[in-house]
Amino acid sequence: ESCSSLAGIMLLEVFLVLGTVIIYFLLSRKKEETLSFKEGWWGKGQKPDAEEDRTIRPFKVETTEEELSDLFRRLDQARFTEPLENSCFHYGINSAYLRKVVSYWKNQFNWKKQVEILNKYPQFKTKIQGIDIHFVHIKPPHLPEGQSAKPLLMVHGWPGSFYEFYKIIPLLTDPASHGLGDEHIFEVICPSIPGYGFSEAPHKKDFNSVSASSVFYELMLRLGFNEFYTQGGDWGWLICTNLAQIAPNHVKGLHLNLASVTNMGFTHLLSILLGSYFPGLFGFQDEDVRRMFPFLKKGLYRILLESGYAHIQATKPDTVGCGLNDSPVGLAAYILEKFSTWTDLEFRNLEDGGLERKFNLDDLLTNIMIYWVSGCIVSSMRFYKENMQNGIGTQKHERLTVQVPTGIASFPNEIMHTPQAWAQKKYTNIVSFRFMSRGGHFAALEEPELLAQDILQFVGKVEKEQLWRKK
């Protein structure tokens, strides 16, 4: 009898072990899930029965005299407010400096010359899911014998545009001419997010980052790229992350210059409380501690001080958008403030917001003009509502990890720092995490060489070890 009860106990143990193993696999399998491709239709009215026209049409930026005289009339009639004494950029843009910008815009800025610069790279449009998608597509000027270009999708954010990449494009498509070697040469595709720049705005609600990544995935396949690299900061971070979740077998590597983690666990909170005392315990490096602590000042207060725009855009984008779409000066004020503070928080202490320390007015105004002539500011702001209206941390893509080989360039003046220890929980395959020596949020425009070098070394690692094959 004892034998049979022993056998019974052993069987029970076997079942328990098997059960545990099965449950473990079921639970861990959930993490391996991919994100499903979002088959939307964003055109006006009813979706037609006819097959979508998949033609890729050449596009050029063009502006009429009418549009320009309308702009100048509005600039002439601008009303300015006196700034507070010694307020610098602490109350937002300083309107004394804004007057100077507007004066430059009216008297020196040469939009026609900037249009030529915009048109020096080939641009195209194609209909995807009911809306026209605009993109820049640059092939390398020359390829060494037996070498092929690596397709790279680069995605901008708000309040930027495809123009942010114009300084980094030659460094990637022709690295040898810029002292970056010729081992890895890219063919670069920079689309405008739907609702931004020259991409048509969605006509229906719920166009979020997963929708955008699905559209860009379709774009890359339509261009004949079955395997490609992706790069992004700001919303580009999220769109490229979602793309890596939708098509892990097509994305060879994901490079980010912003990596935010929206699902905070218990260990995150503990590391915020105790990380400055026991950095090693939480996997923090000295540089993480320097950038993150004291957390009240460098984390919480900073978020509260700098995220007002996001609350507005995530709740009532169309209301404030009315004013910005009607006034070029209002639009410039709203956008330039971000190019100041997100480049360096210390710039708030300067009368001119430090705007011309890292950028020139021609580049800044070209970006603003892209918003103005396309009339896209409202639709660009709606992207916040579509992504955040259900609350942060509630969407499937936020719970899923990313298995694609990931490279992170961590710039010191990014508003919020994400340590590798945090990023690792989301991006389980980080092959390169580098603290950049200088630079802020608009890395491609501000520090194109540093960003290009980091992309090249990351791709070098992935290619050398054929990492994407081991996903």
# chains A, B, ... in the order shown; residues from 1 in each chain; ligands from 1
call {"tool": "residues_around", "arguments": {"residues": "A:Pro83", "least_positions_apart": "2", "cutoff": "7 Å", "atoms": "only C-alpha atoms", "output": "list in words"}}
result
Thr81, Glu85, Asn94, Ser95 and Ala96 of chain A
call {"tool": "select_by_dssp", "arguments": {"residues": "stretch 183-430 of chain A", "states": "strand (DSSP E)", "output": "JSON, numbers by chain"}}
result
{"A": [186, 187, 188, 189, 190, 191, 228, 229, 230, 231, 232, 251, 252, 253, 254, 255, 256, 406, 407, 408, 409, 410, 430]}
call {"tool": "residues_around", "arguments": {"residues": "stretch 278-292 of chain A", "least_positions_apart": "4", "cutoff": "6 Å", "atoms": "only C-alpha atoms", "output": "list in words"}}
result
Lys298, Pro419 and Ala421 of chain A
call {"tool": "residues_around", "arguments": {"residues": "stretch 332-346 of chain A", "least_positions_apart": "5", "cutoff": "7 Å", "atoms": "only C-alpha atoms", "output": "ChimeraX atom specification"}}
result
/A:92-93,98,159,353-355,368,413-415,439-442
call {"tool": "closest_atom_pairs", "arguments": {"of": "stretch 187-287 of chain A", "to": "stretch 54-62 of chain A", "cutoff": "9 Å", "atoms": "only C-alpha atoms", "output": "CSV"}}
result
residue,atom,partner,partner_atom,distance
A:Phe198,CA,A:Val61,CA,8.6
A:Arg222,CA,A:Arg54,CA,8.1
A:Leu223,CA,A:Ile56,CA,8.8
call {"tool": "write_last_selection", "arguments": {"atoms": "N, CA and C atoms", "output": "mmCIF file, in the first residue's frame"}}
result
data_model
loop_
_atom_site.group_PDB
_atom_site.id
_atom_site.type_symbol
_atom_site.label_atom_id
_atom_site.label_comp_id
_atom_site.auth_asym_id
_atom_site.auth_seq_id
_atom_site.Cartn_x
_atom_site.Cartn_y
_atom_site.Cartn_z
ATOM 1 N N PHE A 198 3.699 67.017 -45.391
ATOM 2 C CA PHE A 198 2.984 66.808 -46.648
ATOM 3 C C PHE A 198 2.287 65.446 -46.741
ATOM 4 N N ARG A 222 6.067 48.157 -50.016
ATOM 5 C CA ARG A 222 5.726 48.661 -51.344
ATOM 6 C C ARG A 222 6.973 49.122 -52.094
ATOM 7 N N LEU A 223 7.949 49.640 -51.337
ATOM 8 C CA LEU A 223 9.202 50.079 -51.962
ATOM 9 C C LEU A 223 10.134 48.898 -52.238
#
call {"tool": "closest_residue", "arguments": {"among": "A:Glu187, A:Val115, A:Glu386, A:Gly265", "to": "A:Ile370", "atoms": "only C-alpha atoms"}}
result
A:Val115
call {"tool": "residues_around", "arguments": {"residues": "A:Asn429", "least_positions_apart": "3", "cutoff": "12 Å", "atoms": "only C-alpha atoms", "output": "JSON, numbers by chain"}}
result
{"A": [244, 248, 252, 253, 254, 255, 401, 402, 403, 404, 405, 406, 407, 408, 420, 423, 424, 425, 426, 432, 433, 462, 467, 468, 470, 471]}
call {"tool": "residues_around", "arguments": {"residues": "A:Gln245", "least_positions_apart": "4", "cutoff": "7 Å", "atoms": "only C-alpha atoms", "output": "ChimeraX atom specification"}}
result
/A:34-35,241,402
call {"tool": "closest_residue", "arguments": {"among": "A:Ala409, A:Val101, A:Leu71, A:Leu305", "to": "A:Leu451", "atoms": "only C-alpha atoms"}}
result
A:Ala409
call {"tool": "atom_distance", "arguments": {"atom1": "atom CA of A:Leu269", "atom2": "atom CA of A:Phe295"}}
result
11.1 Å
